[in-house]
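Asker: Before we start, here is the structure in question, set down as C-alpha cells.
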Protein chains: 2
Amino acid sequence: MKIGEVAERSGCHPETVRYYERIGLLPAPPRTAGGYRDYRPADADRLRFISRGRELGFSLEEIRSLLGLAEDDGLSCQDVDRLARGHLLDIRNRLNDLQRMASELERVIGSCSGGERGQCAILDTLRHPPS
Amino acid sequence: MKIGEVAERSGCHPETVRYYERIGLLPAPPRTAGGYRDYRPADADRLRFISRGRELGFSLEEIRSLLGLAEDDGLSCQDVDRLARGHLLDIRNRLNDLQRMASELERVIGSCSGGERGQCAILDTLRHPPS
DNA sequence: CCTAAACCCCGGAGTCGCTACAGAGTCAAG
DNA sequence: CTTGACTCTGTAGCGACTCCGGGGTTTAGG
C-alpha cells in the first residue's frame, strides 16, 4: 500500500510517516517501479503503535525504547513498566503545573471582570507578582 | 545594571534576556564603554512581567500583546480579559488531554504490574488500541 | 489517446522558547 | 599582573512535526 493509505490506517499524516522514516523510527519500505513507498500491513501496525504512544504522551525516544522492548521476548516487562511509570510521573507534574496556572488565571480573571474602569487587575498581577 | 543582575532580579537566564531583545520583546538598552548592556530598573520590571506571564503559560506572542495593551491607558481591559480567558480555555483543554493520558496510563500500568510473565499488558495496549 | 486531478517524490526551511556552544573581549579583586 | 567571573557575537541544536516549491506518477473520465 502507498503512503496515503498507511497514513490513514494509522492516523498519522503522510509527512509524519516520512519523518518517522527519516529519524529511523519506521524502516524504509521498498519502492514501486515509479519510486513510491510500498508498505505492508505490519508497517501500519507499527505506525499505530507509535501514534498510540504519542496519544499517551510518550516522546518519540520513549517510543523507540518501547518498540525495542517489544521486539525481544525476554523479561522486558519490568523495563516497560518502569518506563511507563516514569512517564506517568512526568505527566502528573505537568498536570500540577497546569492546574496551578489555571487556578491562578481564574483568580486573576475573576478579580478583573468586576471593575469596569481604573486599573486592570490582570495587568497589575503581571506587574506585581504575589510571590 | 548589567545583564547578570537584571537576569537575577527578573528570574530570567541572561541568554534568555538577550533572546527577548533579539525578538523585540525587550528594547535594546544602551551600552557601556566596554560594550556591555546597561539596564535600568524598568527593564527588570518588564522582564518580571514577561517571566510572570510565562509562569502563567502565556506564549511570548500573547505576552507581546499584553505588553502592548499595558502601554496604552485606553479601554484595553476588555482585550486583556478576552486574551486571558482564551488562554484559560487553552489550558483547560491541555488539562483534559493530560488527565485522559494519566488515567489511561494508570489503567494500563495497573493491569501490567499483576502479571509476572507472559504478554506485557502495556505493550498489548499499544499494539491493540481500545478505541 | 489525452488530459486533469489526485497522489507521490525530495530537500530544505519554519515553528516555539529557549539553551549551548566557541572564541573573543572586559572588568574587579587579590 | 594574573586570575577568574562576567560579558559579547553569531550560530546551531532541541522535539515533533508542518509546510513549501518544483517536480514526477498514476488513475479516472471524456
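Chain identifiers are assigned as A, B, and so on, following the order in which chains appear in the C-alpha cells; residues are numbered from 1 within each chain, and ligands are numbered from 1 in order of appearance.
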Least-squares align chain A to chain B using all Cα atoms paired by position, then dump the moved coordinates as a CSV table (one decimal) with N, CA and C atoms, in the first residue's frame.

Answerer:
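Contents of the output file part-v8.csv:
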chain,number,residue,atom,x,y,z
A,1,MET,N,22.6,48.6,35.4
A,1,MET,CA,23.0,47.3,35.8
A,1,MET,C,23.3,46.4,34.6
A,2,LYS,N,24.1,45.4,34.8
A,2,LYS,CA,24.5,44.5,33.8
A,2,LYS,C,23.5,43.3,33.6
A,3,ILE,N,23.7,42.6,32.6
A,3,ILE,CA,22.7,41.5,32.2
A,3,ILE,C,22.5,40.5,33.3
A,4,GLY,N,23.6,40.2,34.0
A,4,GLY,CA,23.5,39.2,35.0
A,4,GLY,C,22.6,39.6,36.1
A,5,GLU,N,22.7,40.9,36.5
A,5,GLU,CA,21.9,41.3,37.6
A,5,GLU,C,20.4,41.4,37.2
A,6,VAL,N,20.1,42.0,36.0
A,6,VAL,CA,18.8,42.1,35.6
A,6,VAL,C,18.2,40.7,35.4
A,7,ALA,N,19.0,39.7,35.0
A,7,ALA,CA,18.5,38.4,34.8
A,7,ALA,C,18.1,37.8,36.2
A,8,GLU,N,19.0,38.0,37.2
A,8,GLU,CA,18.7,37.5,38.5
A,8,GLU,C,17.5,38.1,39.1
A,9,ARG,N,17.4,39.4,38.9
A,9,ARG,CA,16.2,40.1,39.5
A,9,ARG,C,14.9,39.7,38.9
A,10,SER,N,15.0,39.3,37.6
A,10,SER,CA,13.7,39.0,36.9
A,10,SER,C,13.4,37.5,36.8
A,11,GLY,N,14.4,36.7,37.2
A,11,GLY,CA,14.2,35.3,37.1
A,11,GLY,C,14.4,34.7,35.7
A,12,CYS,N,15.0,35.5,34.8
A,12,CYS,CA,15.3,35.0,33.5
A,12,CYS,C,16.8,34.6,33.4
A,13,HIS,N,17.1,33.7,32.6
A,13,HIS,CA,18.5,33.4,32.3
A,13,HIS,C,19.0,34.5,31.4
A,14,PRO,N,20.3,34.9,31.6
A,14,PRO,CA,20.9,35.9,30.7
A,14,PRO,C,20.7,35.7,29.3
A,15,GLU,N,20.9,34.4,28.9
A,15,GLU,CA,20.7,34.1,27.4
A,15,GLU,C,19.2,34.4,27.0
A,16,THR,N,18.3,34.1,27.9
A,16,THR,CA,16.9,34.4,27.6
A,16,THR,C,16.7,35.9,27.4
A,17,VAL,N,17.4,36.7,28.3
A,17,VAL,CA,17.2,38.1,28.2
A,17,VAL,C,17.7,38.6,26.8
A,18,ARG,N,18.9,38.1,26.4
A,18,ARG,CA,19.3,38.5,25.0
A,18,ARG,C,18.4,38.0,24.0
A,19,TYR,N,17.8,36.8,24.2
A,19,TYR,CA,16.9,36.3,23.2
A,19,TYR,C,15.6,37.2,23.1
A,20,TYR,N,15.1,37.6,24.2
A,20,TYR,CA,14.0,38.6,24.2
A,20,TYR,C,14.3,39.9,23.5
A,21,GLU,N,15.5,40.3,23.7
A,21,GLU,CA,15.9,41.5,23.0
A,21,GLU,C,15.9,41.2,21.4
A,22,ARG,N,16.5,40.1,21.1
A,22,ARG,CA,16.6,39.7,19.7
A,22,ARG,C,15.2,39.7,19.0
A,23,ILE,N,14.2,39.2,19.7
A,23,ILE,CA,12.9,39.1,19.1
A,23,ILE,C,12.1,40.3,19.3
A,24,GLY,N,12.7,41.3,19.9
A,24,GLY,CA,12.0,42.6,20.1
A,24,GLY,C,11.0,42.7,21.2
A,25,LEU,N,11.1,41.8,22.2
A,25,LEU,CA,10.2,41.8,23.3
A,25,LEU,C,10.8,42.8,24.4
A,26,LEU,N,12.0,43.0,24.4
A,26,LEU,CA,12.7,43.9,25.3
A,26,LEU,C,13.5,44.8,24.5
A,27,PRO,N,13.3,46.1,24.8
A,27,PRO,CA,14.1,47.1,24.0
A,27,PRO,C,15.6,46.9,24.2
A,28,ALA,N,16.4,47.2,23.2
A,28,ALA,CA,17.9,47.1,23.4
A,28,ALA,C,18.3,48.2,24.2
A,29,PRO,N,19.0,47.9,25.3
A,29,PRO,CA,19.5,49.0,26.2
A,29,PRO,C,20.8,49.6,25.7
A,30,PRO,N,21.1,50.8,26.2
A,30,PRO,CA,22.4,51.4,25.9
A,30,PRO,C,23.6,50.5,26.4
A,31,ARG,N,24.8,50.8,25.9
A,31,ARG,CA,25.9,50.0,26.2
A,31,ARG,C,26.9,50.8,27.0
A,32,THR,N,27.7,50.1,27.8
A,32,THR,CA,28.8,50.8,28.5
A,32,THR,C,29.9,50.9,27.6
A,33,ALA,N,31.0,51.6,28.1
A,33,ALA,CA,32.2,51.8,27.2
A,33,ALA,C,32.7,50.5,26.8
A,34,GLY,N,32.6,49.5,27.6
A,34,GLY,CA,33.2,48.2,27.3
A,34,GLY,C,32.3,47.3,26.4
A,35,GLY,N,31.1,47.9,26.1
A,35,GLY,CA,30.2,47.2,25.2
A,35,GLY,C,29.2,46.3,25.9
A,36,TYR,N,29.1,46.5,27.2
A,36,TYR,CA,28.1,45.7,28.0
A,36,TYR,C,26.7,46.3,28.0
A,37,ARG,N,25.7,45.5,28.0
A,37,ARG,CA,24.3,46.0,28.1
A,37,ARG,C,24.1,46.7,29.4
A,38,ASP,N,23.5,47.9,29.4
A,38,ASP,CA,23.3,48.6,30.7
A,38,ASP,C,21.9,48.9,30.9
A,39,TYR,N,21.3,48.1,31.8
A,39,TYR,CA,19.8,48.1,32.1
A,39,TYR,C,19.5,49.0,33.2
A,40,ARG,N,18.2,49.6,33.1
A,40,ARG,CA,17.7,50.3,34.3
A,40,ARG,C,16.6,49.5,34.9
A,41,PRO,N,16.1,49.8,36.1
A,41,PRO,CA,15.2,49.1,36.8
A,41,PRO,C,13.9,48.8,36.0
A,42,ALA,N,13.4,49.7,35.2
A,42,ALA,CA,12.2,49.5,34.4
A,42,ALA,C,12.4,48.2,33.5
A,43,ASP,N,13.6,48.0,33.1
A,43,ASP,CA,13.8,46.8,32.3
A,43,ASP,C,13.6,45.5,33.1
A,44,ALA,N,14.1,45.5,34.3
A,44,ALA,CA,13.8,44.4,35.2
A,44,ALA,C,12.4,44.2,35.4
A,45,ASP,N,11.6,45.3,35.6
A,45,ASP,CA,10.2,45.2,35.7
A,45,ASP,C,9.5,44.5,34.5
A,46,ARG,N,9.9,45.0,33.4
A,46,ARG,CA,9.4,44.4,32.1
A,46,ARG,C,9.7,42.9,32.0
A,47,LEU,N,10.9,42.6,32.4
A,47,LEU,CA,11.3,41.2,32.3
A,47,LEU,C,10.5,40.3,33.3
A,48,ARG,N,10.2,40.9,34.5
A,48,ARG,CA,9.4,40.2,35.5
A,48,ARG,C,8.0,40.0,34.9
A,49,PHE,N,7.5,41.0,34.3
A,49,PHE,CA,6.2,40.9,33.7
A,49,PHE,C,6.2,39.7,32.7
A,50,ILE,N,7.2,39.7,31.9
A,50,ILE,CA,7.3,38.6,30.9
A,50,ILE,C,7.4,37.2,31.5
A,51,SER,N,8.3,37.2,32.5
A,51,SER,CA,8.5,35.9,33.2
A,51,SER,C,7.3,35.4,33.9
A,52,ARG,N,6.6,36.4,34.5
A,52,ARG,CA,5.4,36.0,35.2
A,52,ARG,C,4.3,35.5,34.2
A,53,GLY,N,4.2,36.2,33.1
A,53,GLY,CA,3.3,35.8,32.0
A,53,GLY,C,3.6,34.4,31.6
A,54,ARG,N,4.9,34.1,31.4
A,54,ARG,CA,5.3,32.7,31.0
A,54,ARG,C,4.9,31.7,32.1
A,55,GLU,N,5.0,32.1,33.4
A,55,GLU,CA,4.6,31.1,34.4
A,55,GLU,C,3.1,30.8,34.3
A,56,LEU,N,2.4,31.8,33.9
A,56,LEU,CA,0.9,31.6,33.7
A,56,LEU,C,0.6,30.9,32.4
A,57,GLY,N,1.7,30.6,31.6
A,57,GLY,CA,1.5,29.8,30.4
A,57,GLY,C,1.2,30.6,29.2
A,58,PHE,N,1.3,32.0,29.3
A,58,PHE,CA,1.1,32.8,28.1
A,58,PHE,C,2.2,32.6,27.1
A,59,SER,N,1.9,32.6,25.8
A,59,SER,CA,3.0,32.5,24.8
A,59,SER,C,3.6,33.9,24.7
A,60,LEU,N,4.8,33.9,24.1
A,60,LEU,CA,5.5,35.2,24.0
A,60,LEU,C,4.7,36.1,23.1
A,61,GLU,N,4.0,35.7,22.2
A,61,GLU,CA,3.1,36.5,21.4
A,61,GLU,C,2.0,37.1,22.2
A,62,GLU,N,1.4,36.3,23.0
A,62,GLU,CA,0.4,36.8,23.9
A,62,GLU,C,0.9,37.8,24.8
A,63,ILE,N,2.1,37.6,25.3
A,63,ILE,CA,2.7,38.5,26.2
A,63,ILE,C,3.0,39.8,25.5
A,64,ARG,N,3.4,39.7,24.3
A,64,ARG,CA,3.7,40.9,23.5
A,64,ARG,C,2.4,41.7,23.4
A,65,SER,N,1.3,41.1,23.2
A,65,SER,CA,0.0,41.8,23.2
A,65,SER,C,-0.3,42.4,24.5
A,66,LEU,N,-0.1,41.6,25.6
A,66,LEU,CA,-0.4,42.2,26.9
A,66,LEU,C,0.5,43.4,27.2
A,67,LEU,N,1.7,43.3,26.8
A,67,LEU,CA,2.6,44.5,27.0
A,67,LEU,C,2.1,45.7,26.2
A,68,GLY,N,1.6,45.4,25.0
A,68,GLY,CA,1.1,46.5,24.2
A,68,GLY,C,-0.2,47.1,24.9
A,69,LEU,N,-1.0,46.2,25.4
A,69,LEU,CA,-2.2,46.7,26.0
A,69,LEU,C,-1.9,47.4,27.3
A,70,ALA,N,-0.8,47.0,27.9
A,70,ALA,CA,-0.5,47.6,29.2
A,70,ALA,C,0.1,49.1,29.0
A,71,GLU,N,0.5,49.3,27.7
A,71,GLU,CA,1.1,50.6,27.4
A,71,GLU,C,0.0,51.7,27.3
A,72,ASP,N,-1.0,51.4,26.4
A,72,ASP,CA,-2.0,52.5,26.2
A,72,ASP,C,-3.0,52.4,27.4
A,73,ASP,N,-3.3,53.6,27.9
A,73,ASP,CA,-4.1,53.7,29.1
A,73,ASP,C,-5.6,53.6,28.7
A,74,GLY,N,-5.9,53.4,27.5
A,74,GLY,CA,-7.3,53.4,27.0
A,74,GLY,C,-8.1,52.3,27.6
A,75,LEU,N,-9.2,52.0,27.0
A,75,LEU,CA,-10.1,51.0,27.5
A,75,LEU,C,-9.7,49.6,27.1
A,76,SER,N,-8.5,49.2,27.5
A,76,SER,CA,-8.0,48.0,27.0
A,76,SER,C,-8.3,46.8,27.9
A,77,CYS,N,-8.9,47.1,29.0
A,77,CYS,CA,-9.1,46.0,30.0
A,77,CYS,C,-9.9,44.9,29.4
A,78,GLN,N,-10.9,45.2,28.6
A,78,GLN,CA,-11.7,44.2,27.9
A,78,GLN,C,-10.8,43.2,27.1
A,79,ASP,N,-9.9,43.9,26.3
A,79,ASP,CA,-9.0,43.1,25.5
A,79,ASP,C,-8.2,42.1,26.3
A,80,VAL,N,-7.6,42.7,27.4
A,80,VAL,CA,-6.8,41.9,28.3
A,80,VAL,C,-7.7,40.7,28.8
A,81,ASP,N,-8.9,41.0,29.3
A,81,ASP,CA,-9.7,40.0,29.8
A,81,ASP,C,-10.0,38.9,28.8
A,82,ARG,N,-10.3,39.4,27.5
A,82,ARG,CA,-10.6,38.4,26.5
A,82,ARG,C,-9.4,37.5,26.2
A,83,LEU,N,-8.2,38.1,26.2
A,83,LEU,CA,-7.0,37.3,26.0
A,83,LEU,C,-6.8,36.3,27.1
A,84,ALA,N,-7.0,36.7,28.3
A,84,ALA,CA,-6.8,35.8,29.4
A,84,ALA,C,-7.8,34.7,29.4
A,85,ARG,N,-9.0,35.0,29.1
A,85,ARG,CA,-10.1,34.0,29.1
A,85,ARG,C,-9.8,33.0,28.0
A,86,GLY,N,-9.4,33.5,26.8
A,86,GLY,CA,-9.0,32.5,25.8
A,86,GLY,C,-7.9,31.6,26.2
A,87,HIS,N,-6.9,32.2,26.8
A,87,HIS,CA,-5.8,31.4,27.3
A,87,HIS,C,-6.2,30.4,28.3
A,88,LEU,N,-7.1,30.8,29.2
A,88,LEU,CA,-7.6,29.8,30.2
A,88,LEU,C,-8.3,28.6,29.5
A,89,LEU,N,-9.0,28.9,28.4
A,89,LEU,CA,-9.7,27.8,27.7
A,89,LEU,C,-8.6,26.8,27.2
A,90,ASP,N,-7.5,27.4,26.6
A,90,ASP,CA,-6.4,26.6,26.1
A,90,ASP,C,-5.9,25.7,27.2
A,91,ILE,N,-5.7,26.3,28.3
A,91,ILE,CA,-5.1,25.5,29.4
A,91,ILE,C,-6.0,24.4,29.9
A,92,ARG,N,-7.3,24.7,30.0
A,92,ARG,CA,-8.3,23.7,30.4
A,92,ARG,C,-8.3,22.5,29.4
A,93,ASN,N,-8.2,22.9,28.1
A,93,ASN,CA,-8.1,21.8,27.1
A,93,ASN,C,-6.9,20.9,27.3
A,94,ARG,N,-5.8,21.6,27.5
A,94,ARG,CA,-4.5,20.8,27.8
A,94,ARG,C,-4.7,20.0,29.0
A,95,LEU,N,-5.3,20.5,30.0
A,95,LEU,CA,-5.5,19.8,31.3
A,95,LEU,C,-6.4,18.5,31.0
A,96,ASN,N,-7.4,18.7,30.2
A,96,ASN,CA,-8.2,17.5,29.9
A,96,ASN,C,-7.4,16.4,29.2
A,97,ASP,N,-6.6,16.9,28.2
A,97,ASP,CA,-5.8,15.9,27.5
A,97,ASP,C,-4.9,15.2,28.4
A,98,LEU,N,-4.2,15.9,29.2
A,98,LEU,CA,-3.2,15.3,30.2
A,98,LEU,C,-4.0,14.4,31.1
A,99,GLN,N,-5.1,14.8,31.6
A,99,GLN,CA,-5.9,14.0,32.5
A,99,GLN,C,-6.2,12.7,31.9
A,100,ARG,N,-6.7,12.7,30.6
A,100,ARG,CA,-7.0,11.5,29.9
A,100,ARG,C,-5.8,10.6,29.8
A,101,MET,N,-4.7,11.2,29.4
A,101,MET,CA,-3.4,10.4,29.3
A,101,MET,C,-3.1,9.8,30.6
A,102,ALA,N,-3.2,10.5,31.7
A,102,ALA,CA,-2.8,10.0,33.0
A,102,ALA,C,-3.7,8.8,33.4
A,103,SER,N,-5.0,9.0,33.3
A,103,SER,CA,-5.9,7.9,33.6
A,103,SER,C,-5.6,6.6,32.8
A,104,GLU,N,-5.5,6.9,31.5
A,104,GLU,CA,-5.2,5.7,30.6
A,104,GLU,C,-3.9,5.0,31.0
A,105,LEU,N,-2.9,5.8,31.3
A,105,LEU,CA,-1.6,5.2,31.7
A,105,LEU,C,-1.7,4.5,33.0
A,106,GLU,N,-2.5,5.1,33.9
A,106,GLU,CA,-2.7,4.4,35.2
A,106,GLU,C,-3.4,3.0,35.0
A,107,ARG,N,-4.4,3.1,34.2
A,107,ARG,CA,-5.1,1.8,33.9
A,107,ARG,C,-4.1,0.8,33.3
A,108,VAL,N,-3.4,1.2,32.3
A,108,VAL,CA,-2.5,0.3,31.7
A,108,VAL,C,-1.4,-0.2,32.6
A,109,ILE,N,-0.8,0.7,33.4
A,109,ILE,CA,0.2,0.2,34.3
A,109,ILE,C,-0.3,-0.7,35.4
A,110,GLY,N,-1.5,-0.4,35.8
A,110,GLY,CA,-2.2,-1.3,36.8
A,110,GLY,C,-2.3,-2.7,36.3
A,111,SER,N,-2.8,-2.8,35.1
A,111,SER,CA,-3.0,-4.1,34.5
A,111,SER,C,-1.7,-4.9,34.3
A,112,CYS,N,-0.6,-4.2,34.2
A,112,CYS,CA,0.6,-4.8,33.9
A,112,CYS,C,1.3,-5.4,35.2
A,113,SER,N,1.3,-4.6,36.2
A,113,SER,CA,2.1,-4.9,37.4
A,113,SER,C,1.7,-6.2,38.0
A,114,GLY,N,0.5,-6.7,37.8
A,114,GLY,CA,0.1,-7.9,38.4
A,114,GLY,C,0.8,-9.2,37.8
A,115,GLY,N,0.8,-9.2,36.4
A,115,GLY,CA,1.4,-10.4,35.8
A,115,GLY,C,2.9,-10.4,35.8
A,116,GLU,N,3.4,-11.5,36.2
A,116,GLU,CA,4.9,-11.6,36.3
A,116,GLU,C,5.5,-12.1,35.0
A,117,ARG,N,4.7,-12.7,34.2
A,117,ARG,CA,5.3,-13.2,33.0
A,117,ARG,C,4.3,-13.2,31.9
A,118,GLY,N,4.6,-13.8,30.8
A,118,GLY,CA,3.7,-13.8,29.6
A,118,GLY,C,3.7,-12.5,29.0
A,119,GLN,N,2.6,-12.1,28.4
A,119,GLN,CA,2.5,-10.9,27.6
A,119,GLN,C,2.5,-9.7,28.5
A,120,CYS,N,3.1,-8.6,28.0
A,120,CYS,CA,3.1,-7.4,28.7
A,120,CYS,C,1.9,-6.5,28.4
A,121,ALA,N,1.1,-6.2,29.4
A,121,ALA,CA,-0.1,-5.5,29.1
A,121,ALA,C,0.1,-4.1,28.5
A,122,ILE,N,1.2,-3.5,28.9
A,122,ILE,CA,1.4,-2.1,28.4
A,122,ILE,C,1.6,-2.2,26.9
A,123,LEU,N,2.5,-3.1,26.5
A,123,LEU,CA,2.8,-3.2,25.1
A,123,LEU,C,1.6,-3.7,24.3
A,124,ASP,N,0.8,-4.6,24.9
A,124,ASP,CA,-0.4,-5.0,24.2
A,124,ASP,C,-1.3,-3.9,24.0
A,125,THR,N,-1.4,-3.0,25.0
A,125,THR,CA,-2.3,-1.8,24.8
A,125,THR,C,-1.8,-1.0,23.6
A,126,LEU,N,-0.5,-0.8,23.6
A,126,LEU,CA,0.0,0.0,22.5
A,126,LEU,C,-0.2,-0.7,21.1
A,127,ARG,N,-0.2,-2.0,21.2
A,127,ARG,CA,-0.3,-2.8,19.9
A,127,ARG,C,-1.8,-2.8,19.5
A,128,HIS,N,-2.7,-3.0,20.4
A,128,HIS,CA,-4.1,-3.1,20.1
A,128,HIS,C,-4.9,-2.1,20.8
A,129,PRO,N,-5.0,-0.9,20.2
A,129,PRO,CA,-5.7,0.2,20.9
A,129,PRO,C,-7.2,-0.2,21.1
A,130,PRO,N,-7.7,0.3,22.3
A,130,PRO,CA,-9.1,-0.1,22.7
A,130,PRO,C,-10.1,0.7,21.9
A,131,SER,N,-9.7,1.8,21.2
A,131,SER,CA,-10.7,2.7,20.6
A,131,SER,C,-11.5,1.9,19.6

Asker: Run DSSP on the backbone and tell me which residues of chain A come out as alpha helix (DSSP H); list them as a ChimeraX atom specification.

Answerer: /A:3-10,14-22,41-55,60-71,77-113,121-127

Asker: Give me, please, the distance in Å between atom C1' of C:DG30 and atom C1' of D:DC8, quoted to one decimal.

Answerer: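 Atom-to-atom, atom C1' of C:DG30 and atom C1' of D:DC8 are spaced 25.5 Å apart.
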
Asker: Near chain A, which residues of chain D fall within 10 Å when you count only C-alpha atoms (C1' of nucleotides), and what do they look like as a list of chain:residue names?

Answerer: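 Therefore, the residues near the partner are D:DG15, D:DA16, D:DC17, D:DT18, D:DC19, D:DG24, D:DT25, D:DT26.
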
Asker: Could you save the residues just selected, with C-alpha atoms (C1' of nucleotides), as a PDB file, in the first residue's frame?

Answerer:
ATOM      1  C1'  DG D  15      11.277  17.908  19.657  1.00  0.00           C
ATOM      2  C1'  DA D  16       7.918  16.757  16.711  1.00  0.00           C
ATOM      3  C1'  DC D  17       6.352  17.966  13.305  1.00  0.00           C
ATOM      4  C1'  DT D  18       4.482  21.064   9.220  1.00  0.00           C
ATOM      5  C1'  DC D  19       4.745  23.440   5.019  1.00  0.00           C
ATOM      6  C1'  DG D  24       7.164  13.015 -11.249  1.00  0.00           C
ATOM      7  C1'  DT D  25       3.387   9.186 -11.418  1.00  0.00           C
ATOM      8  C1'  DT D  26      -0.960   7.222 -11.549  1.00  0.00           C
TER       9       DT D  26
END

Asker: For a quick test of understanding: name the residues of chain C lying within 10 Å of chain B when counting only C-alpha atoms (C1' of nucleotides), and present them as a VMD selection string.

Answerer: chain C and resid 16 to 20 25 to 27

Asker: Could you please take those selected residues and save C-alpha atoms (C1' of nucleotides) as a CSV table (one decimal), in the first residue's frame?

Answerer:
chain,number,residue,atom,x,y,z
C,16,DC,C1',8.4,27.8,19.7
C,17,DG,C1',11.2,29.1,23.5
C,18,DC,C1',14.9,28.7,24.7
C,19,DT,C1',19.8,26.6,25.6
C,20,DA,C1',24.5,25.7,24.5
C,25,DG,C1',36.7,40.8,25.0
C,26,DT,C1',36.1,43.4,29.6
C,27,DC,C1',36.4,44.1,34.4

Asker: So how far away is atom C1' of D:DC6 from atom C1' of C:DA29, in Å?

Answerer: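 Value for the atom C1' of C:DA29-atom C1' of D:DC6 distance: 13.2 Å.
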
Asker: Can you pull out the residues contacting D:DA28? Cut-off 12 Å, using only C-alpha atoms (C1' of nucleotides), and skip same-chain residues under 5 positions away; I want them as a ChimeraX atom specification.

Answerer: /C:3-6

Asker: Could you please determine the separation between atom C1' of C:DA28 and atom C1' of D:DA5 in Å, to one decimal place?

Answerer: 8.9 Å
